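Dropping structure.pdb in here (PDB, C-alpha atoms and all ligand atoms):
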```
ATOM      1  CA  MET F   1       1.737 -16.079   4.641
ATOM      2  CA  ASN F   2       0.741 -16.120   0.973
ATOM      3  CA  THR F   3       2.387 -13.431  -1.088
ATOM      4  CA  LYS F   4      -0.153 -10.974  -2.491
ATOM      5  CA  ILE F   5       0.078  -8.600  -5.437
ATOM      6  CA  ALA F   6      -1.520  -5.163  -5.084
ATOM      7  CA  PRO F   7      -1.579  -3.231  -8.378
ATOM      8  CA  SER F   8      -1.405   0.522  -7.751
ATOM      9  CA  ILE F   9      -3.986   2.317  -9.902
ATOM     10  CA  LEU F  10      -1.817   5.436  -9.808
ATOM     11  CA  SER F  11      -0.247   4.094 -13.007
ATOM     12  CA  ALA F  12      -3.557   3.078 -14.604
ATOM     13  CA  ASP F  13      -5.326   4.967 -17.393
ATOM     14  CA  PHE F  14      -7.730   7.102 -15.324
ATOM     15  CA  ALA F  15     -10.064   7.551 -18.306
ATOM     16  CA  ARG F  16     -10.565   3.766 -18.268
ATOM     17  CA  LEU F  17     -10.315   3.128 -14.541
ATOM     18  CA  LYS F  18     -13.167   0.581 -14.402
ATOM     19  CA  GLU F  19     -11.685  -1.532 -17.212
ATOM     20  CA  GLU F  20      -8.175  -1.250 -15.759
ATOM     21  CA  ILE F  21      -9.355  -2.566 -12.385
ATOM     22  CA  GLU F  22     -11.378  -5.362 -14.001
ATOM     23  CA  GLU F  23      -8.320  -6.373 -16.026
ATOM     24  CA  VAL F  24      -5.979  -6.683 -13.045
ATOM     25  CA  GLU F  25      -8.631  -8.530 -11.039
ATOM     26  CA  ALA F  26      -9.026 -11.026 -13.903
ATOM     27  CA  ALA F  27      -5.221 -11.227 -14.098
ATOM     28  CA  GLY F  28      -4.998 -12.488 -10.505
ATOM     29  CA  ALA F  29      -4.421  -9.386  -8.380
ATOM     30  CA  ASP F  30      -5.114  -9.779  -4.646
ATOM     31  CA  TYR F  31      -5.712  -6.151  -3.581
ATOM     32  CA  ILE F  32      -6.359  -2.892  -5.438
ATOM     33  CA  HIS F  33      -3.913  -0.293  -4.092
ATOM     34  CA  VAL F  34      -5.320   3.252  -4.120
ATOM     35  CA  ASP F  35      -2.865   6.147  -3.674
ATOM     36  CA  VAL F  36      -4.447   9.204  -2.089
ATOM     37  CA  MET F  37      -2.296  12.371  -2.265
ATOM     38  CA  ASP F  38      -3.230  15.842  -1.058
ATOM     39  CA  GLY F  39      -0.558  18.148  -2.510
ATOM     40  CA  HIS F  40       0.674  18.933   1.034
ATOM     41  CA  TYR F  41       2.081  15.759   2.556
ATOM     42  CA  VAL F  42       3.428  14.860  -0.902
ATOM     43  CA  PRO F  43       3.957  17.085  -3.951
ATOM     44  CA  ASN F  44       1.164  15.517  -6.006
ATOM     45  CA  ILE F  45      -2.650  15.428  -5.959
ATOM     46  CA  THR F  46      -4.588  12.307  -6.887
ATOM     47  CA  ILE F  47      -7.946  11.034  -5.755
ATOM     48  CA  GLY F  48     -10.420  11.308  -2.877
ATOM     49  CA  PRO F  49     -13.336   9.416  -1.335
ATOM     50  CA  LEU F  50     -15.578  10.040  -4.376
ATOM     51  CA  VAL F  51     -13.324   7.950  -6.597
ATOM     52  CA  VAL F  52     -13.071   5.202  -3.967
ATOM     53  CA  GLU F  53     -16.862   5.142  -3.832
ATOM     54  CA  ALA F  54     -17.051   4.985  -7.640
ATOM     55  CA  ILE F  55     -14.674   2.022  -7.934
ATOM     56  CA  ARG F  56     -16.111   0.097  -4.966
ATOM     57  CA  PRO F  57     -18.789  -1.696  -7.058
ATOM     58  CA  VAL F  58     -16.299  -2.437  -9.849
ATOM     59  CA  THR F  59     -14.329  -5.093  -7.950
ATOM     60  CA  ASN F  60     -14.649  -7.717  -5.240
ATOM     61  CA  LEU F  61     -11.008  -7.266  -4.263
ATOM     62  CA  PRO F  62     -10.128  -5.443  -1.040
ATOM     63  CA  LEU F  63      -9.407  -1.736  -1.592
ATOM     64  CA  ASP F  64      -6.039  -1.018   0.039
ATOM     65  CA  VAL F  65      -6.112   2.762   0.488
ATOM     66  CA  HIS F  66      -2.740   4.448   1.098
ATOM     67  CA  LEU F  67      -3.324   7.909   2.577
ATOM     68  CA  MET F  68      -0.488  10.306   1.747
ATOM     69  CA  ILE F  69      -2.239  13.266   3.344
ATOM     70  CA  GLU F  70      -1.843  15.639   6.269
ATOM     71  CA  GLN F  71      -4.248  15.278   9.188
ATOM     72  CA  PRO F  72      -5.475  11.873   7.979
ATOM     73  CA  GLU F  73      -7.712  11.571  11.063
ATOM     74  CA  GLN F  74     -10.107  14.036   9.395
ATOM     75  CA  TYR F  75     -10.681  11.734   6.442
ATOM     76  CA  ILE F  76     -10.966   8.265   7.998
ATOM     77  CA  LYS F  77     -14.764   8.241   8.067
ATOM     78  CA  PRO F  78     -15.240   9.498   4.467
ATOM     79  CA  PHE F  79     -12.863   6.832   3.133
ATOM     80  CA  ALA F  80     -14.390   4.093   5.314
ATOM     81  CA  ASP F  81     -17.892   5.080   4.176
ATOM     82  CA  ALA F  82     -16.682   5.088   0.557
ATOM     83  CA  GLY F  83     -15.757   1.408   0.883
ATOM     84  CA  ALA F  84     -12.066   1.188   1.795
ATOM     85  CA  ASP F  85     -11.107  -2.184   3.306
ATOM     86  CA  ILE F  86      -7.656  -1.174   4.548
ATOM     87  CA  LEU F  87      -6.704   2.392   5.478
ATOM     88  CA  THR F  88      -2.996   3.065   5.863
ATOM     89  CA  VAL F  89      -1.696   6.265   7.453
ATOM     90  CA  HIS F  90       1.825   7.678   7.516
ATOM     91  CA  GLN F  91       3.457   7.758  10.941
ATOM     92  CA  GLU F  92       5.103  11.019   9.835
ATOM     93  CA  ALA F  93       1.678  12.640   9.205
ATOM     94  CA  CYS F  94       0.020  11.600  12.478
ATOM     95  CA  THR F  95       0.328  13.749  15.584
ATOM     96  CA  HIS F  96      -1.441  11.067  17.646
ATOM     97  CA  LEU F  97      -0.746   7.846  15.767
ATOM     98  CA  HIS F  98      -2.339   5.496  18.287
ATOM     99  CA  ARG F  99      -5.544   7.551  18.273
ATOM    100  CA  THR F 100      -5.733   7.665  14.461
ATOM    101  CA  LEU F 101      -5.269   3.883  14.204
ATOM    102  CA  GLN F 102      -8.028   3.412  16.768
ATOM    103  CA  LEU F 103     -10.272   5.686  14.695
ATOM    104  CA  ILE F 104      -9.695   3.438  11.674
ATOM    105  CA  LYS F 105     -10.566   0.303  13.686
ATOM    106  CA  ASN F 106     -13.657   1.978  15.118
ATOM    107  CA  ALA F 107     -14.771   2.668  11.531
ATOM    108  CA  GLY F 108     -14.718  -1.103  10.931
ATOM    109  CA  VAL F 109     -11.743  -0.995   8.579
ATOM    110  CA  LYS F 110      -8.347  -2.729   8.757
ATOM    111  CA  ALA F 111      -5.653  -0.378  10.048
ATOM    112  CA  GLY F 112      -2.256   0.041   8.422
ATOM    113  CA  VAL F 113       0.737   2.180   9.327
ATOM    114  CA  VAL F 114       3.374   3.313   6.824
ATOM    115  CA  ILE F 115       6.849   4.814   7.115
ATOM    116  CA  ASN F 116       9.027   6.533   4.536
ATOM    117  CA  PRO F 117      12.465   5.185   3.587
ATOM    118  CA  ALA F 118      14.281   7.540   6.002
ATOM    119  CA  THR F 119      12.031   6.859   9.017
ATOM    120  CA  PRO F 120      13.421   4.346  11.530
ATOM    121  CA  ALA F 121      11.429   1.150  12.183
ATOM    122  CA  GLU F 122      11.549   1.974  15.924
ATOM    123  CA  PHE F 123       9.073   4.825  15.334
ATOM    124  CA  ILE F 124       6.233   2.354  14.740
ATOM    125  CA  LYS F 125       7.210  -0.343  17.257
ATOM    126  CA  PRO F 126       4.793   1.049  19.896
ATOM    127  CA  VAL F 127       1.773   0.534  17.584
ATOM    128  CA  LEU F 128       2.557  -2.878  16.105
ATOM    129  CA  GLN F 129       0.053  -4.588  18.432
ATOM    130  CA  GLN F 130      -2.665  -2.364  16.961
ATOM    131  CA  VAL F 131      -2.195  -2.814  13.231
ATOM    132  CA  ASP F 132      -3.314  -5.237  10.545
ATOM    133  CA  LEU F 133      -0.648  -4.095   8.096
ATOM    134  CA  VAL F 134       2.752  -2.382   8.098
ATOM    135  CA  LEU F 135       3.730  -0.664   4.854
ATOM    136  CA  LEU F 136       7.373   0.136   4.214
ATOM    137  CA  MET F 137       7.889   2.687   1.453
ATOM    138  CA  THR F 138      10.669   1.611  -0.898
ATOM    139  CA  VAL F 139      10.581   5.025  -2.636
ATOM    140  CA  ASN F 140       9.798   8.494  -1.326
ATOM    141  CA  PRO F 141       6.034   8.846  -1.718
ATOM    142  CA  GLY F 142       4.417  11.069  -4.323
ATOM    143  CA  PHE F 143       4.925   9.460  -7.712
ATOM    144  CA  GLY F 144       4.895   6.140  -9.529
ATOM    145  CA  GLY F 145       7.808   4.905 -11.594
ATOM    146  CA  GLN F 146      10.668   5.713  -9.169
ATOM    147  CA  SER F 147      13.657   3.500  -8.401
ATOM    148  CA  PHE F 148      13.578   0.979  -5.562
ATOM    149  CA  ILE F 149      15.561   1.977  -2.453
ATOM    150  CA  SER F 150      17.172  -1.299  -1.393
ATOM    151  CA  GLU F 151      18.318  -0.009   2.039
ATOM    152  CA  VAL F 152      14.687  -0.370   3.166
ATOM    153  CA  LEU F 153      15.025  -4.166   3.035
ATOM    154  CA  GLU F 154      16.855  -4.112   6.397
ATOM    155  CA  LYS F 155      13.748  -2.527   7.931
ATOM    156  CA  VAL F 156      11.526  -5.173   6.331
ATOM    157  CA  LYS F 157      13.681  -7.811   8.068
ATOM    158  CA  THR F 158      13.560  -5.968  11.391
ATOM    159  CA  ILE F 159       9.768  -5.584  11.310
ATOM    160  CA  SER F 160       9.402  -9.231  10.329
ATOM    161  CA  GLU F 161      11.620 -10.302  13.281
ATOM    162  CA  TRP F 162       9.658  -8.139  15.697
ATOM    163  CA  ARG F 163       6.418  -9.675  14.412
ATOM    164  CA  ASN F 164       7.761 -13.147  15.272
ATOM    165  CA  GLU F 165       9.127 -12.090  18.661
ATOM    166  CA  MET F 166       5.875 -10.339  19.584
ATOM    167  CA  ASN F 167       3.755 -13.194  18.214
ATOM    168  CA  LEU F 168       1.718 -10.869  15.967
ATOM    169  CA  ASP F 169       0.247 -11.522  12.537
ATOM    170  CA  PHE F 170       0.056  -8.204  10.653
ATOM    171  CA  GLU F 171       0.890  -8.167   6.945
ATOM    172  CA  ILE F 172       4.104  -6.548   5.687
ATOM    173  CA  GLU F 173       3.714  -4.557   2.476
ATOM    174  CA  VAL F 174       6.326  -2.828   0.314
ATOM    175  CA  ASP F 175       5.519  -0.005  -2.085
ATOM    176  CA  GLY F 176       7.622   1.693  -4.738
ATOM    177  CA  GLY F 177       9.847   0.363  -7.495
ATOM    178  CA  VAL F 178       8.636  -3.202  -6.994
ATOM    179  CA  ASN F 179       8.989  -5.277 -10.165
ATOM    180  CA  ALA F 180      10.287  -8.652 -11.390
ATOM    181  CA  GLU F 181      13.868  -7.582 -10.507
ATOM    182  CA  THR F 182      13.185  -6.393  -6.945
ATOM    183  CA  ALA F 183      10.300  -8.652  -5.817
ATOM    184  CA  ALA F 184      12.411 -11.606  -4.648
ATOM    185  CA  ALA F 185      14.506  -9.479  -2.290
ATOM    186  CA  CYS F 186      11.309  -8.061  -0.768
ATOM    187  CA  VAL F 187       9.770 -11.491  -0.214
ATOM    188  CA  ASN F 188      13.054 -12.919   1.143
ATOM    189  CA  ALA F 189      13.246 -10.039   3.622
ATOM    190  CA  GLY F 190       9.732 -10.849   4.887
ATOM    191  CA  ALA F 191       7.245  -8.827   2.807
ATOM    192  CA  ASN F 192       4.029 -10.582   1.836
ATOM    193  CA  VAL F 193       2.164  -7.789  -0.006
ATOM    194  CA  LEU F 194       3.869  -6.321  -3.056
ATOM    195  CA  VAL F 195       2.469  -3.071  -4.450
ATOM    196  CA  ALA F 196       3.321  -2.585  -8.117
ATOM    197  CA  GLY F 197       2.133   0.275 -10.294
ATOM    198  CA  SER F 198       4.248   0.908 -13.362
ATOM    199  CA  ALA F 199       5.501  -2.712 -13.461
ATOM    200  CA  ILE F 200       1.907  -3.823 -14.125
ATOM    201  CA  PHE F 201       0.080  -0.948 -15.809
ATOM    202  CA  SER F 202       2.886  -0.061 -18.229
ATOM    203  CA  LYS F 203       2.587  -3.545 -19.759
ATOM    204  CA  GLU F 204      -0.065  -4.364 -22.335
ATOM    205  CA  ASP F 205      -0.595  -7.864 -20.920
ATOM    206  CA  ARG F 206      -1.424  -7.464 -17.209
ATOM    207  CA  GLN F 207      -1.668 -11.202 -16.601
ATOM    208  CA  GLN F 208       1.861 -11.677 -17.885
ATOM    209  CA  ALA F 209       3.091  -8.689 -15.883
ATOM    210  CA  ILE F 210       1.681 -10.111 -12.638
ATOM    211  CA  GLN F 211       2.973 -13.585 -13.501
ATOM    212  CA  GLU F 212       6.480 -12.214 -14.127
ATOM    213  CA  ILE F 213       6.499 -10.745 -10.620
ATOM    214  CA  ARG F 214       5.175 -13.986  -9.101
ATOM    215  CA  ASN F 215       7.755 -16.057 -11.017
ATOM    216  CA  ALA F 216      10.524 -13.937  -9.522
ATOM    217  CA  TYR F 217      10.053 -15.139  -5.927
TER     218      TYR F 217
HETATM  219  O1  LIG F 301       2.483   5.183  -3.008
HETATM  220  C1  LIG F 301       3.049   5.173  -4.084
HETATM  221  C2  LIG F 301       3.860   6.341  -4.548
HETATM  222  O2  LIG F 301       3.820   7.323  -3.605
HETATM  223  C3  LIG F 301       2.986   3.950  -4.892
HETATM  224  O3  LIG F 301       1.881   3.137  -4.564
HETATM  225  C4  LIG F 301       3.263   4.016  -6.381
HETATM  226  O4  LIG F 301       2.090   4.097  -7.124
HETATM  227  C5  LIG F 301       4.029   2.811  -6.800
HETATM  228  O5  LIG F 301       4.372   2.937  -8.133
HETATM  229  P1  LIG F 301       5.563   2.099  -8.794
HETATM  230  O6  LIG F 301       6.825   2.509  -8.083
HETATM  231  O7  LIG F 301       5.225   0.644  -8.571
HETATM  232  O8  LIG F 301       5.512   2.492 -10.215
HETATM  233 FE    FE F 302       1.113   3.562  -2.475
END
```

Would you write the structure of this file as structure tokens?
Amino acid sequence: MNTKIAPSILSADFARLKEEIEEVEAAGADYIHVDVMDGHYVPNITIGPLVVEAIRPVTNLPLDVHLMIEQPEQYIKPFADAGADILTVHQEACTHLHRTLQLIKNAGVKAGVVINPATPAEFIKPVLQQVDLVLLMTVNPGFGGQSFISEVLEKVKTISEWRNEMNLDFEIEVDGGVNAETAAACVNAGANVLVAGSAIFSKEDRQQAIQEIRNAY
């Protein structure tokens, strides 16, 4: 699988969101990663379907929408209607995970499942047949700019092995503290989508920032 870079707009300048997205698209990004936080599941509040709808016409890249919210099943349709291409829900936030993933598929959107650093990989094994993407958090969700938790790499390897054994083809994404120093370990463990927020948006030259990450693996 080709390795993809997904800049997280959480670290972008929100007053210039359109330009920021256009810049990373021109710089070779593969997905736009959108962090949705509700102030309950995580101690931060970010953006909702209105912003997804507003940025939809700005880019041709898939919008990879990471829902860090309680009761995500209530918001699948609004985010799908707003133009999300991938909707990823936390296993920890879903009472009926299988049902919520089915809701995403029924909305015509790719379905992703995500687990926090302390959640065992076994918790999502029963839904692997159902998903287009597995996201492994390499920080505790809620904020950009945190340090990479390298213990998660073992889970990346495990999920990658299960994918082979089960003959599945979902993508494996890592999110949090991914930069030119940590990218190679992620790719070597089996990740093929690298989310990077501060490593890209804190640099003046976004093309160089993305290239530095690509050069690292
Ligand atoms: O989901 C999250 C944080 O909860 C991420 O997508 C962050 O936005 C990644 O930021 P960096 O760690 O790359 O700065
Ligand atoms: Fe994220």

Go through the chains and note each residue within 9 Å of ligand FE 302 (chain F), using all atoms listed in the file, then give the set as a PDB file with C-alpha atoms, keeping the file's coordinate frame.
```pdb
ATOM      1  CA  SER F   8      -1.405   0.522  -7.751  1.00  0.00           C
ATOM      2  CA  LEU F  10      -1.817   5.436  -9.808  1.00  0.00           C
ATOM      3  CA  HIS F  33      -3.913  -0.293  -4.092  1.00  0.00           C
ATOM      4  CA  VAL F  34      -5.320   3.252  -4.120  1.00  0.00           C
ATOM      5  CA  ASP F  35      -2.865   6.147  -3.674  1.00  0.00           C
ATOM      6  CA  VAL F  36      -4.447   9.204  -2.089  1.00  0.00           C
ATOM      7  CA  ASP F  64      -6.039  -1.018   0.039  1.00  0.00           C
ATOM      8  CA  VAL F  65      -6.112   2.762   0.488  1.00  0.00           C
ATOM      9  CA  HIS F  66      -2.740   4.448   1.098  1.00  0.00           C
ATOM     10  CA  LEU F  67      -3.324   7.909   2.577  1.00  0.00           C
ATOM     11  CA  MET F  68      -0.488  10.306   1.747  1.00  0.00           C
ATOM     12  CA  LEU F 135       3.730  -0.664   4.854  1.00  0.00           C
ATOM     13  CA  MET F 137       7.889   2.687   1.453  1.00  0.00           C
ATOM     14  CA  PRO F 141       6.034   8.846  -1.718  1.00  0.00           C
ATOM     15  CA  GLY F 142       4.417  11.069  -4.323  1.00  0.00           C
ATOM     16  CA  PHE F 143       4.925   9.460  -7.712  1.00  0.00           C
ATOM     17  CA  GLY F 144       4.895   6.140  -9.529  1.00  0.00           C
ATOM     18  CA  VAL F 174       6.326  -2.828   0.314  1.00  0.00           C
ATOM     19  CA  ASP F 175       5.519  -0.005  -2.085  1.00  0.00           C
ATOM     20  CA  GLY F 176       7.622   1.693  -4.738  1.00  0.00           C
ATOM     21  CA  VAL F 195       2.469  -3.071  -4.450  1.00  0.00           C
ATOM     22  CA  ALA F 196       3.321  -2.585  -8.117  1.00  0.00           C
ATOM     23  CA  GLY F 197       2.133   0.275 -10.294  1.00  0.00           C
TER      24      GLY F 197
END
```

Using the chain letters and numbers from the file, which residues does the PyMOL selection byres (((chain F and resi 89-105) around 7) and not hetatm) grab, as a PyMOL selection string? chain F and resi 66-68+70-73+76+87-88+106-115+127

Expected selection from the PyMOL selection byres (((chain F and resi 83) around 8) and not hetatm), given as an MDAnalysis selection string: chainID F and resid 52:53 56 63 79:82 84:85

Given all atoms listed in the file as the basis, pick out the residue of F:Ile69, F:Ile172, F:Val24, F:Ala180 nearest to Gly48 (chain F).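 Smallest separation from Gly48 (chain F) among the options: F:Ile69.
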
CA of Asn192 (chain F) to CA of Glu154 (chain F), straight-line distance in Å: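 Computing it gives 15.1 Å between the two atoms.
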
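Distance check against Leu61 (chain F) using all atoms listed in the file: of F:Met37, F:Ala191, F:Ile21, F:Leu133, the minimum falls on F:Ile21.
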
How many Å separate CA of Val152 (chain F) from CA of Gln208 (chain F)?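 We find that CA of Val152 (chain F) and CA of Gln208 (chain F) lie 27.1 Å from each other.
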
Spatial sel., origin (-3.9, -7.4, 1.5), limit 8 Å, only C-alpha atoms, listed as a PyMOL selection string: chain F and resi 4+6+30-31+62+64+86+171+193

Counting only C-alpha atoms and all ligand atoms, the residue of F:Ile159, F:Val139, F:Ala183, F:Met166 that sits nearest ligand LIG 301 (chain F): F:Val139

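Matched in the shown structure by the PyMOL selection byres (((chain F and resi 168) around 12) and not hetatm): Lys125, Val127, Leu128, Gln129, Gln130, Val131, Asp132, Leu133, Val134, Ile159, Ser160, Glu161, Trp162, Arg163, Asn164, Glu165, Met166, Asn167, Asp169, Phe170, Glu171 and Ile172 of chain F.
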
Put a box with edges along x, y and z around all the listed atoms of ligand LIG 301 (chain F), pad it by 8 Å on each side, then give me its centre and sizes in Å, one decimal, as lines of an AutoDock Vina configuration file.
```
center_x = 4.4
center_y = 4.0
center_z = -6.6
size_x = 20.9
size_y = 22.7
size_z = 23.2
```

Looking at only C-alpha atoms and all ligand atoms, which of F:Lys155, F:Lys203, F:Lys77, F:Lys18 is the one that sits closest to ligand LIG 301 (chain F)? F:Lys203

Closest of F:Ile200, F:Ala118, F:Leu136, F:Ile213 to Asp13 (chain F), counting only C-alpha atoms, is F:Ile200

Can you work out which one of F:Ser147, F:Ala189, F:Ala184, F:Ile32 has the shortest atom-to-atom distance to Glu212 (chain F), counting all atoms listed in the file? F:Ala184

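Going from CA of Pro117 (chain F) to CA of Phe14 (chain F) covers 27.7 Å.
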